[in-house]
file my_file14.tsv (TSV, C-alpha atoms and all ligand atoms)
chain	number	residue	atom	x	y	z
E	1	MET	CA	-44.64	-142.57	-77.96
E	2	ALA	CA	-45.52	-144.39	-74.72
E	3	PRO	CA	-47.33	-147.67	-75.31
E	4	LEU	CA	-51.07	-147.50	-74.66
E	5	LYS	CA	-52.50	-149.84	-72.07
E	6	GLN	CA	-55.28	-151.85	-73.68
E	7	PHE	CA	-58.83	-151.86	-72.32
E	8	LEU	CA	-60.63	-154.65	-74.15
E	9	MET	CA	-64.25	-153.56	-73.73
E	10	ILE	CA	-65.85	-155.84	-76.31
E	11	PRO	CA	-68.34	-158.66	-75.74
E	12	GLY	CA	-65.78	-161.40	-76.24
E	13	PRO	CA	-63.03	-162.20	-76.34
E	14	THR	CA	-62.79	-160.61	-72.93
E	15	PRO	CA	-59.61	-159.77	-71.04
E	16	ILE	CA	-57.96	-162.82	-69.48
E	17	PRO	CA	-56.90	-163.05	-65.82
E	18	THR	CA	-53.17	-163.55	-65.29
E	19	GLU	CA	-53.77	-166.90	-63.54
E	20	ILE	CA	-55.50	-168.21	-66.67
E	21	LEU	CA	-52.74	-166.90	-68.95
E	22	ALA	CA	-50.19	-168.58	-66.69
E	23	ALA	CA	-52.13	-171.87	-66.71
E	24	MET	CA	-52.17	-171.84	-70.53
E	25	ASN	CA	-48.42	-171.31	-70.64
E	26	HIS	CA	-47.79	-175.00	-70.20
E	27	GLU	CA	-45.86	-177.58	-72.16
E	28	MET	CA	-47.93	-179.92	-74.36
E	29	ILE	CA	-48.87	-183.26	-72.86
E	30	GLY	CA	-50.06	-186.46	-74.53
E	31	HIS	CA	-53.73	-185.97	-75.36
E	32	ARG	CA	-54.38	-189.72	-75.27
E	33	GLY	CA	-52.82	-190.14	-71.82
E	34	PRO	CA	-54.12	-190.08	-68.23
E	35	GLY	CA	-52.88	-186.55	-67.42
E	36	PHE	CA	-54.98	-184.99	-70.16
E	37	SER	CA	-58.00	-187.22	-69.38
E	38	LYS	CA	-58.06	-186.01	-65.79
E	39	ILE	CA	-57.98	-182.35	-66.85
E	40	LEU	CA	-60.65	-182.74	-69.56
E	41	GLY	CA	-62.88	-184.70	-67.17
E	42	GLU	CA	-62.63	-181.88	-64.62
E	43	VAL	CA	-63.38	-179.29	-67.32
E	44	ILE	CA	-66.51	-181.19	-68.34
E	45	ASP	CA	-67.62	-181.49	-64.69
E	46	GLY	CA	-67.04	-177.76	-64.31
E	47	LEU	CA	-69.09	-177.05	-67.42
E	48	LYS	CA	-71.93	-179.11	-65.92
E	49	TRP	CA	-71.74	-176.88	-62.84
E	50	ALA	CA	-71.91	-173.74	-65.02
E	51	TYR	CA	-74.79	-175.17	-67.09
E	52	GLN	CA	-76.60	-176.41	-63.93
E	53	THR	CA	-77.08	-179.78	-65.58
E	54	LYS	CA	-76.53	-183.50	-65.29
E	55	ASN	CA	-76.80	-183.84	-69.09
E	56	ASP	CA	-73.83	-184.92	-71.19
E	57	ILE	CA	-71.55	-182.11	-72.31
E	58	MET	CA	-69.19	-182.46	-75.23
E	59	VAL	CA	-66.27	-180.13	-75.91
E	60	TYR	CA	-65.23	-179.20	-79.46
E	61	PRO	CA	-62.14	-177.40	-80.68
E	62	CYS	CA	-64.02	-174.65	-82.53
E	63	SER	CA	-65.63	-171.26	-82.10
E	64	GLY	CA	-69.21	-170.79	-80.85
E	65	THR	CA	-70.61	-171.02	-84.37
E	66	GLY	CA	-69.32	-174.60	-84.62
E	67	GLY	CA	-71.35	-175.35	-81.50
E	68	MET	CA	-74.43	-173.84	-83.16
E	69	GLU	CA	-73.91	-176.04	-86.22
E	70	THR	CA	-73.38	-179.08	-83.95
E	71	ALA	CA	-76.79	-178.44	-82.37
E	72	VAL	CA	-78.52	-178.45	-85.77
E	73	VAL	CA	-76.84	-181.39	-87.48
E	74	ASN	CA	-77.17	-183.75	-84.53
E	75	THR	CA	-80.88	-183.26	-83.88
E	76	LEU	CA	-82.64	-182.66	-87.20
E	77	SER	CA	-83.19	-184.20	-90.63
E	78	SER	CA	-83.60	-182.49	-93.99
E	79	GLY	CA	-87.10	-181.05	-94.34
E	80	ASP	CA	-87.77	-181.04	-90.58
E	81	LYS	CA	-89.66	-177.99	-89.44
E	82	ALA	CA	-87.92	-175.87	-86.79
E	83	LEU	CA	-88.81	-172.52	-85.27
E	84	PHE	CA	-86.13	-169.90	-84.60
E	85	VAL	CA	-86.85	-167.22	-82.00
E	86	ASN	CA	-84.81	-164.51	-83.68
E	87	ILE	CA	-83.93	-161.24	-81.95
E	88	GLY	CA	-80.80	-160.29	-83.91
E	89	ASN	CA	-77.69	-161.24	-85.83
E	90	PHE	CA	-76.95	-164.47	-84.00
E	91	GLY	CA	-80.56	-165.54	-84.48
E	92	ASP	CA	-80.00	-164.88	-88.19
E	93	ARG	CA	-76.86	-167.01	-88.06
E	94	TRP	CA	-78.69	-170.04	-86.67
E	95	VAL	CA	-81.35	-169.62	-89.36
E	96	LYS	CA	-78.63	-169.56	-92.05
E	97	ILE	CA	-76.99	-172.71	-90.67
E	98	ALA	CA	-80.32	-174.57	-90.56
E	99	LYS	CA	-81.26	-173.45	-94.09
E	100	ALA	CA	-77.87	-174.62	-95.38
E	101	TYR	CA	-78.81	-178.12	-94.20
E	102	GLY	CA	-82.29	-178.05	-95.72
E	103	VAL	CA	-84.26	-177.51	-92.50
E	104	ALA	CA	-87.72	-175.97	-93.05
E	105	VAL	CA	-87.21	-172.79	-91.04
E	106	ILE	CA	-89.85	-170.66	-89.35
E	107	ASP	CA	-88.00	-167.41	-88.66
E	108	LEU	CA	-89.86	-165.68	-85.82
E	109	LYS	CA	-88.24	-162.24	-85.87
E	110	PHE	CA	-88.68	-159.59	-83.20
E	111	GLU	CA	-88.00	-155.88	-83.34
E	112	PRO	CA	-84.25	-155.28	-82.78
E	113	GLY	CA	-83.57	-154.18	-79.22
E	114	LYS	CA	-86.50	-156.10	-77.80
E	115	ALA	CA	-86.49	-159.46	-76.05
E	116	ALA	CA	-88.70	-162.17	-77.53
E	117	ASP	CA	-92.24	-161.99	-76.22
E	118	PRO	CA	-93.32	-165.43	-74.92
E	119	LYS	CA	-96.94	-164.62	-75.91
E	120	VAL	CA	-95.87	-164.14	-79.54
E	121	LEU	CA	-94.07	-167.48	-79.43
E	122	GLU	CA	-97.17	-169.09	-77.93
E	123	ALA	CA	-99.35	-167.69	-80.72
E	124	GLU	CA	-96.91	-168.84	-83.42
E	125	LEU	CA	-96.71	-172.35	-81.99
E	126	ALA	CA	-100.51	-172.50	-81.73
E	127	LYS	CA	-100.68	-172.12	-85.54
E	128	ASP	CA	-98.85	-175.45	-85.84
E	129	SER	CA	-101.84	-177.55	-84.82
E	130	ASN	CA	-100.37	-180.75	-86.34
E	131	LYS	CA	-97.28	-180.35	-84.15
E	132	GLU	CA	-94.91	-180.48	-87.10
E	133	ILE	CA	-92.37	-178.20	-85.42
E	134	LYS	CA	-89.62	-180.49	-84.13
E	135	ALA	CA	-87.35	-177.95	-82.46
E	136	ILE	CA	-87.37	-174.43	-81.06
E	137	PHE	CA	-84.10	-172.49	-81.15
E	138	MET	CA	-83.29	-169.30	-79.25
E	139	GLN	CA	-80.44	-167.10	-78.00
E	140	GLN	CA	-80.11	-166.59	-74.27
E	141	ASN	CA	-78.30	-163.33	-74.92
E	142	GLU	CA	-78.26	-161.58	-78.29
E	143	THR	CA	-74.83	-159.97	-78.46
E	144	SER	CA	-75.57	-157.85	-81.52
E	145	THR	CA	-78.31	-155.81	-79.82
E	146	GLY	CA	-77.46	-156.21	-76.12
E	147	VAL	CA	-80.68	-157.99	-75.24
E	148	ILE	CA	-81.29	-160.92	-72.93
E	149	ASN	CA	-84.21	-163.27	-73.48
E	150	ASP	CA	-86.36	-164.73	-70.73
E	151	VAL	CA	-85.30	-168.30	-71.60
E	152	LYS	CA	-87.26	-169.77	-68.70
E	153	ALA	CA	-90.54	-168.23	-69.90
E	154	LEU	CA	-89.87	-169.05	-73.57
E	155	ALA	CA	-88.99	-172.67	-72.75
E	156	GLU	CA	-92.13	-172.99	-70.63
E	157	VAL	CA	-94.28	-171.85	-73.55
E	158	ALA	CA	-92.46	-174.24	-75.89
E	159	HIS	CA	-92.87	-177.23	-73.57
E	160	LYS	CA	-96.54	-176.52	-72.95
E	161	SER	CA	-97.46	-176.11	-76.59
E	162	HIS	CA	-95.05	-178.65	-78.15
E	163	PRO	CA	-94.03	-181.15	-75.45
E	164	GLU	CA	-92.43	-183.43	-78.05
E	165	ALA	CA	-90.18	-180.72	-79.50
E	166	LEU	CA	-86.63	-179.89	-78.47
E	167	VAL	CA	-85.60	-176.56	-76.95
E	168	LEU	CA	-82.11	-175.48	-78.05
E	169	VAL	CA	-80.31	-172.47	-76.60
E	170	ASP	CA	-77.31	-170.49	-77.83
E	171	ALA	CA	-75.83	-169.38	-74.53
E	172	VAL	CA	-72.48	-168.37	-76.04
E	173	SER	CA	-72.54	-164.85	-74.58
E	174	GLY	CA	-75.16	-165.40	-71.87
E	175	LEU	CA	-73.86	-168.38	-69.90
E	176	LEU	CA	-72.59	-167.21	-66.47
E	177	ALA	CA	-73.52	-163.60	-67.25
E	178	ALA	CA	-77.06	-164.55	-66.23
E	179	ASP	CA	-78.75	-167.55	-64.67
E	180	LEU	CA	-79.42	-170.48	-67.00
E	181	LYS	CA	-80.86	-173.61	-65.43
E	182	THR	CA	-80.43	-176.24	-68.12
E	183	ASP	CA	-82.17	-179.06	-66.23
E	184	ALA	CA	-84.79	-177.12	-64.27
E	185	TRP	CA	-85.92	-175.26	-67.40
E	186	GLY	CA	-85.82	-178.34	-69.64
E	187	LEU	CA	-83.21	-177.07	-72.12
E	188	ASP	CA	-82.30	-179.96	-74.39
E	189	VAL	CA	-79.25	-178.51	-76.10
E	190	VAL	CA	-77.17	-175.60	-74.79
E	191	VAL	CA	-74.18	-174.13	-76.62
E	192	SER	CA	-71.42	-172.05	-75.02
E	193	GLY	CA	-68.00	-170.68	-75.95
E	194	SER	CA	-64.73	-170.20	-74.09
E	195	GLN	CA	-64.14	-166.54	-74.96
E	196	LYS	CA	-67.02	-164.95	-73.07
E	197	ALA	CA	-67.75	-165.21	-69.33
E	198	PHE	CA	-65.20	-168.04	-68.99
E	199	MET	CA	-62.48	-165.42	-69.69
E	200	VAL	CA	-60.49	-167.85	-71.87
E	201	PRO	CA	-59.36	-167.18	-75.49
E	202	PRO	CA	-61.71	-168.20	-78.32
E	203	GLY	CA	-61.49	-171.74	-79.67
E	204	ILE	CA	-63.59	-174.03	-77.51
E	205	ALA	CA	-67.33	-174.64	-77.75
E	206	ALA	CA	-69.30	-176.84	-75.38
E	207	VAL	CA	-72.62	-178.47	-76.28
E	208	SER	CA	-74.97	-180.21	-73.82
E	209	MET	CA	-77.42	-182.93	-74.83
E	210	SER	CA	-80.45	-184.07	-72.84
E	211	LYS	CA	-81.76	-187.65	-73.09
E	212	LYS	CA	-84.48	-186.33	-75.39
E	213	ALA	CA	-81.85	-184.65	-77.59
E	214	TRP	CA	-80.02	-188.01	-77.83
E	215	SER	CA	-83.25	-189.64	-79.00
E	216	PHE	CA	-83.46	-187.01	-81.75
E	217	TYR	CA	-79.83	-187.78	-82.64
E	218	GLU	CA	-80.76	-191.39	-83.33
E	219	LYS	CA	-83.35	-190.25	-85.91
E	220	SER	CA	-81.35	-187.36	-87.37
E	221	THR	CA	-80.15	-187.88	-90.94
E	222	LEU	CA	-78.33	-184.59	-91.56
E	223	PRO	CA	-74.74	-185.19	-92.76
E	224	LYS	CA	-72.07	-184.91	-90.10
E	225	HIS	CA	-68.57	-186.04	-89.36
E	226	TYR	CA	-66.48	-183.47	-87.43
E	227	TRP	CA	-69.63	-182.38	-85.62
E	228	ASP	CA	-70.96	-185.90	-84.94
E	229	ILE	CA	-71.75	-185.61	-81.25
E	230	LYS	CA	-72.06	-189.33	-80.54
E	231	ASN	CA	-68.53	-189.75	-81.80
E	232	GLN	CA	-67.41	-186.82	-79.65
E	233	LYS	CA	-69.14	-188.42	-76.64
E	234	LYS	CA	-67.33	-191.71	-77.28
E	235	PHE	CA	-64.04	-189.84	-76.86
E	236	ALA	CA	-65.29	-187.65	-73.97
E	237	ASP	CA	-66.13	-190.85	-72.06
E	238	LYS	CA	-62.42	-191.73	-72.28
E	239	GLY	CA	-61.36	-188.21	-71.23
E	240	GLN	CA	-60.39	-187.30	-74.78
E	241	THR	CA	-61.58	-185.28	-77.75
E	242	TYR	CA	-61.99	-186.86	-81.20
E	243	THR	CA	-59.40	-184.60	-82.82
E	244	THR	CA	-56.19	-183.18	-81.38
E	245	PRO	CA	-57.37	-180.68	-78.76
E	246	PRO	CA	-56.17	-177.08	-78.36
E	247	GLU	CA	-54.43	-178.01	-75.10
E	248	PRO	CA	-53.64	-174.47	-73.88
E	249	LEU	CA	-57.34	-173.62	-74.10
E	250	ILE	CA	-58.28	-176.73	-72.13
E	251	PHE	CA	-55.72	-175.76	-69.46
E	252	GLY	CA	-57.23	-172.25	-69.51
E	253	MET	CA	-60.77	-173.58	-69.09
E	254	HIS	CA	-59.57	-175.74	-66.21
E	255	LYS	CA	-58.18	-172.72	-64.37
E	256	SER	CA	-61.20	-170.59	-65.27
E	257	ILE	CA	-63.59	-173.09	-63.73
E	258	GLU	CA	-61.47	-173.26	-60.59
E	259	ILE	CA	-61.63	-169.43	-60.26
E	260	LEU	CA	-65.34	-169.21	-61.10
E	261	LYS	CA	-66.31	-171.98	-58.68
E	262	LYS	CA	-64.58	-170.08	-55.86
E	263	GLU	CA	-66.66	-167.01	-56.74
E	264	GLY	CA	-69.94	-168.97	-56.94
E	265	LEU	CA	-72.75	-168.74	-59.50
E	266	GLU	CA	-74.84	-166.18	-57.61
E	267	ASN	CA	-71.87	-163.81	-57.20
E	268	ILE	CA	-70.95	-164.19	-60.86
E	269	PHE	CA	-74.49	-163.21	-61.90
E	270	LYS	CA	-74.44	-160.28	-59.45
E	271	ARG	CA	-71.11	-159.05	-60.82
E	272	HIS	CA	-72.52	-158.95	-64.35
E	273	GLU	CA	-75.75	-157.33	-63.19
E	274	LEU	CA	-73.78	-154.55	-61.51
E	275	ASN	CA	-71.74	-153.96	-64.67
E	276	LYS	CA	-74.99	-153.54	-66.59
E	277	LEU	CA	-76.36	-151.07	-64.02
E	278	ILE	CA	-73.13	-149.02	-64.06
E	279	VAL	CA	-73.14	-148.66	-67.83
E	280	ARG	CA	-76.86	-147.97	-68.15
E	281	ALA	CA	-76.89	-145.41	-65.32
E	282	ALA	CA	-74.04	-143.53	-67.00
E	283	PHE	CA	-75.57	-143.51	-70.48
E	284	LYS	CA	-78.96	-142.44	-69.10
E	285	ALA	CA	-77.33	-139.58	-67.18
E	286	LEU	CA	-75.67	-138.47	-70.43
E	287	GLY	CA	-79.00	-138.60	-72.25
E	288	LEU	CA	-77.88	-141.33	-74.66
E	289	ARG	CA	-80.26	-143.80	-76.27
E	290	MET	CA	-79.61	-147.48	-75.71
E	291	LEU	CA	-80.99	-150.05	-78.11
E	292	ALA	CA	-82.37	-152.27	-75.33
E	293	ASP	CA	-84.93	-151.06	-72.85
E	294	ASP	CA	-84.47	-151.80	-69.14
E	295	ALA	CA	-86.60	-154.95	-69.31
E	296	GLY	CA	-84.47	-156.68	-71.94
E	297	ALA	CA	-81.10	-155.14	-71.07
E	298	SER	CA	-78.23	-157.59	-71.24
E	299	PRO	CA	-75.83	-158.07	-68.31
E	300	ALA	CA	-73.11	-158.90	-70.87
E	301	VAL	CA	-73.14	-156.06	-73.41
E	302	THR	CA	-74.80	-152.68	-74.02
E	303	ALA	CA	-75.49	-151.20	-77.46
E	304	VAL	CA	-75.68	-147.41	-77.38
E	305	PHE	CA	-76.15	-144.63	-79.92
E	306	PRO	CA	-73.67	-141.73	-79.74
E	307	PRO	CA	-74.96	-138.19	-79.15
E	308	GLU	CA	-76.80	-136.55	-82.07
E	309	GLY	CA	-74.51	-135.74	-85.02
E	310	ILE	CA	-71.58	-137.84	-83.79
E	311	ASP	CA	-70.21	-140.71	-85.84
E	312	ALA	CA	-70.12	-144.02	-83.93
E	313	GLU	CA	-67.10	-145.30	-85.88
E	314	LYS	CA	-65.20	-142.05	-85.23
E	315	VAL	CA	-65.88	-142.50	-81.51
E	316	ARG	CA	-64.45	-146.03	-81.70
E	317	SER	CA	-61.30	-144.94	-83.50
E	318	GLU	CA	-60.74	-141.89	-81.22
E	319	ILE	CA	-61.13	-143.88	-78.02
E	320	ARG	CA	-58.86	-146.63	-79.39
E	321	ASN	CA	-56.14	-144.27	-80.57
E	322	ARG	CA	-56.15	-141.94	-77.57
E	323	PHE	CA	-56.99	-144.21	-74.66
E	324	GLY	CA	-56.43	-147.80	-75.83
E	325	VAL	CA	-60.11	-148.62	-75.31
E	326	GLU	CA	-61.49	-151.18	-77.77
E	327	LEU	CA	-65.26	-150.93	-78.25
E	328	ALA	CA	-67.33	-153.17	-80.52
E	329	PRO	CA	-69.06	-151.85	-83.65
E	330	GLY	CA	-72.77	-151.98	-84.44
E	331	GLN	CA	-73.78	-155.11	-86.35
E	332	GLY	CA	-76.21	-155.67	-89.22
E	333	GLU	CA	-78.53	-152.70	-89.72
E	334	PHE	CA	-76.77	-150.88	-86.84
E	335	LYS	CA	-73.32	-150.91	-88.48
E	336	GLY	CA	-71.86	-147.41	-88.12
E	337	LYS	CA	-74.88	-146.20	-86.16
E	338	LEU	CA	-74.06	-147.38	-82.66
E	339	PHE	CA	-71.27	-149.00	-80.72
E	340	ARG	CA	-71.31	-151.74	-78.11
E	341	ILE	CA	-69.54	-151.95	-74.80
E	342	GLY	CA	-68.86	-155.41	-73.46
E	343	HIS	CA	-69.13	-155.92	-69.71
E	344	LEU	CA	-68.81	-159.65	-69.30
E	345	GLY	CA	-65.97	-161.85	-68.18
E	346	TYR	CA	-62.85	-160.26	-66.77
E	347	VAL	CA	-64.05	-156.66	-67.05
E	348	ASP	CA	-63.72	-154.66	-63.90
E	349	LYS	CA	-66.16	-152.00	-62.72
E	350	LEU	CA	-63.41	-149.38	-62.59
E	351	GLU	CA	-62.53	-150.11	-66.24
E	352	LEU	CA	-66.16	-149.35	-67.02
E	353	VAL	CA	-65.98	-146.05	-65.12
E	354	ALA	CA	-62.74	-145.16	-66.94
E	355	THR	CA	-64.30	-145.99	-70.30
E	356	ILE	CA	-67.32	-143.82	-69.52
E	357	GLY	CA	-64.97	-140.95	-68.57
E	358	ALA	CA	-63.02	-141.31	-71.83
E	359	LEU	CA	-66.29	-141.38	-73.80
E	360	GLU	CA	-67.50	-138.19	-72.11
E	361	LEU	CA	-64.30	-136.39	-73.04
E	362	ILE	CA	-64.41	-137.60	-76.64
E	363	PHE	CA	-68.11	-136.75	-77.09
E	364	SER	CA	-67.52	-133.31	-75.68
E	365	GLN	CA	-64.43	-132.64	-77.81
E	366	MET	CA	-66.36	-133.81	-80.87
E	367	GLY	CA	-68.91	-131.08	-80.17
E	368	ALA	CA	-71.66	-132.88	-78.21
E	369	LYS	CA	-73.40	-130.85	-75.55
E	370	ILE	CA	-72.78	-133.12	-72.60
E	371	GLU	CA	-71.62	-132.34	-69.11
E	372	ILE	CA	-68.29	-134.04	-68.44
E	373	GLY	CA	-68.44	-136.07	-65.24
E	374	LYS	CA	-72.19	-136.62	-65.24
E	375	GLY	CA	-71.97	-140.17	-66.56
E	376	VAL	CA	-69.04	-141.06	-64.31
E	377	LYS	CA	-70.95	-139.75	-61.28
E	378	ALA	CA	-74.01	-141.83	-62.14
E	379	ALA	CA	-71.81	-144.87	-62.70
E	380	LEU	CA	-70.01	-144.47	-59.37
E	381	GLU	CA	-73.32	-144.08	-57.56
E	382	GLN	CA	-74.18	-147.65	-58.58
E	383	ILE	CA	-71.15	-148.99	-56.72
E	384	LYS	CA	-72.07	-149.56	-53.10
E	401	LIG	C1	-74.80	-165.08	-78.92
E	401	LIG	C2	-73.67	-165.57	-79.76
E	401	LIG	N1	-73.84	-166.70	-80.45
E	401	LIG	C3	-72.86	-167.19	-81.23
E	401	LIG	C4	-71.68	-166.54	-81.37
E	401	LIG	C5	-70.67	-167.08	-82.31
E	401	LIG	O1	-69.50	-167.38	-81.67
E	401	LIG	P1	-68.12	-167.41	-82.47
E	401	LIG	O2	-67.85	-166.04	-82.95
E	401	LIG	O3	-67.17	-167.88	-81.39
E	401	LIG	O4	-68.29	-168.39	-83.56
E	401	LIG	C6	-71.46	-165.35	-80.68
E	401	LIG	C7	-70.20	-164.60	-80.83
E	401	LIG	O5	-70.06	-163.49	-80.44
E	401	LIG	C8	-72.49	-164.86	-79.85
E	401	LIG	O6	-72.32	-163.73	-79.18

call {"tool": "encode", "arguments": {"input": "my_file14.tsv", "output": "structure tokens", "more": "lines below"}}
Ligand SMILES: Cc1ncc(COP(=O)(O)O)c(C=O)c1O
result
Amino acid sequence: MAPLKQFLMIPGPTPIPTEILAAMNHEMIGHRGPGFSKILGEVIDGLKWAYQTKNDIMVYPCSGTGGMETAVVNTLSSGDKALFVNIGNFGDRWVKIAKAYGVAVIDLKFEPGKAADPKVLEAELAKDSNKEIKAIFMQQNETSTGVINDVKALAEVAHKSHPEALVLVDAVSGLLAADLKTDAWGLDVVVSGSQKAFMVPPGIAAVSMSKKAWSFYEKSTLPKHYWDIKNQKKFADKGQTYTTPPEPLIFGMHKSIEILKKEGLENIFKRHELNKLIVRAAFKALGLRMLADDAGASPAVTAVFPPEGIDAEKVRSEIRNRFGVELAPGQGEFKGKLFRIGHLGYVDKLELVATIGALELIFSQMGAKIEIGKGVKAALEQIK
């Protein structure tokens, strides 16, 4: 049987450009020497460009979840009150991390598929008249439901109501897919990961810290060693990481930033926005229901229900086995009910059109009453 070409259409890890793969294919160098320091320093400068910040950024050898844990343990103390704007599975994850460390969590949950309403956050914060809430956590992009939050509006509400509190953002799947102005919006801690819009394999998380976040660090008593961000900063200042770094990933990040800088932030955002429009136009034309409405629709990932009577997991296995297309499953309460198509990072618009075509064929052959070509036509019409 001929080998199937793979189309990795999941919301991270994304496909990797050949130049990045080539840059990672490099002999190991001394990680306490000047060559490595120069590369890491440039990666951190590049991250500051992507974050739109002058704040410190520390790089950890870990997945995005490690970055989320870093944000908690370096800012809070046991018993501190913190509010979590929670619009899905990754909101749940941050709540679980904080609870594991004894943080007094206020879990502000929103209906799945909807972005957080800043007015609801405002009302919840208003209840805390003694200003006991020390920190407000949120996702920029909730990957499990395909929803993007209005971080600017949420941060504004947080600052106005609780000017002393920190605002912490999980931008693991949102950074570069959509605008995130760390400094202009007053975001104290921002977490990102290598495997999303940076188009690098998983294994690196970056965490930014504002001056205010550093002042919280000084008071924070939660236990930490590997995640101790002051220690990580001490090494970052020398162009090193505390522990032995995953060098190929650092080389990959270095190349990624070079490629992304050439493209420019505005063009990167536009590219992701177009991917979103292509996918949504196609699914609308096919009469499919998406979990997110237009207002909250993510530029990074779309969660969609298959046509009536068709099994989402069967769709995923058919499209994988017949066309090499890898789609992501539903998460949490949506397991088995929907599938997700990633459109961030190194995903090309024509791969999206091809995936939509393959889906149409599979839906139709599984007995759905859909008109083959209708989704593809709507998708192509988005491409000017
Ligand atoms: C929004 C968001 N936060 C956090 C994570 C966790 O990242 P990781 O799986 O790299 O630990 C993910 C992963 O998909 C994510 O999408």

call {"tool": "residues_near_ligand", "arguments": {"input": "my_file14.tsv", "ligand": "ligand LIG 401 (chain E)", "cutoff": "10 Å", "atoms": "all atoms listed in the file", "output": "number ranges by chain"}}
result
E: 10-13, 62-69, 88-91, 93-94, 138-148, 169-175, 191-196, 201-205, 300-301

call {"tool": "atom_distance", "arguments": {"input": "my_file14.tsv", "atom1": "CA of Gly342 in chain E", "atom2": "CA of Val325 in chain E"}}
result
11.2 Å

call {"tool": "closest_residue", "arguments": {"input": "my_file14.tsv", "among": "E:Val189, E:Thr355, E:Val105, E:Ala197", "to": "Leu265 in chain E", "atoms": "only C-alpha atoms"}}
result
E:Ala197

call {"tool": "residues_around", "arguments": {"input": "my_file14.tsv", "residues": "Leu352 in chain E", "least_positions_apart": "6", "cutoff": "12 Å", "atoms": "all atoms listed in the file", "output": "ChimeraX atom specification"}}
result
/E:7-10,272,274-283,301-302,325-327,341-344,346,358-359,375-376,378-380,382-383

call {"tool": "closest_residue", "arguments": {"input": "my_file14.tsv", "among": "E:Met209, E:Leu286, E:Ile362, E:Met28", "to": "Arg320 in chain E", "atoms": "only C-alpha atoms"}}
result
E:Ile362

call {"tool": "atom_distance", "arguments": {"input": "my_file14.tsv", "atom1": "CA of His31 in chain E", "atom2": "CA of Ile57 in chain E"}}
result
18.5 Å
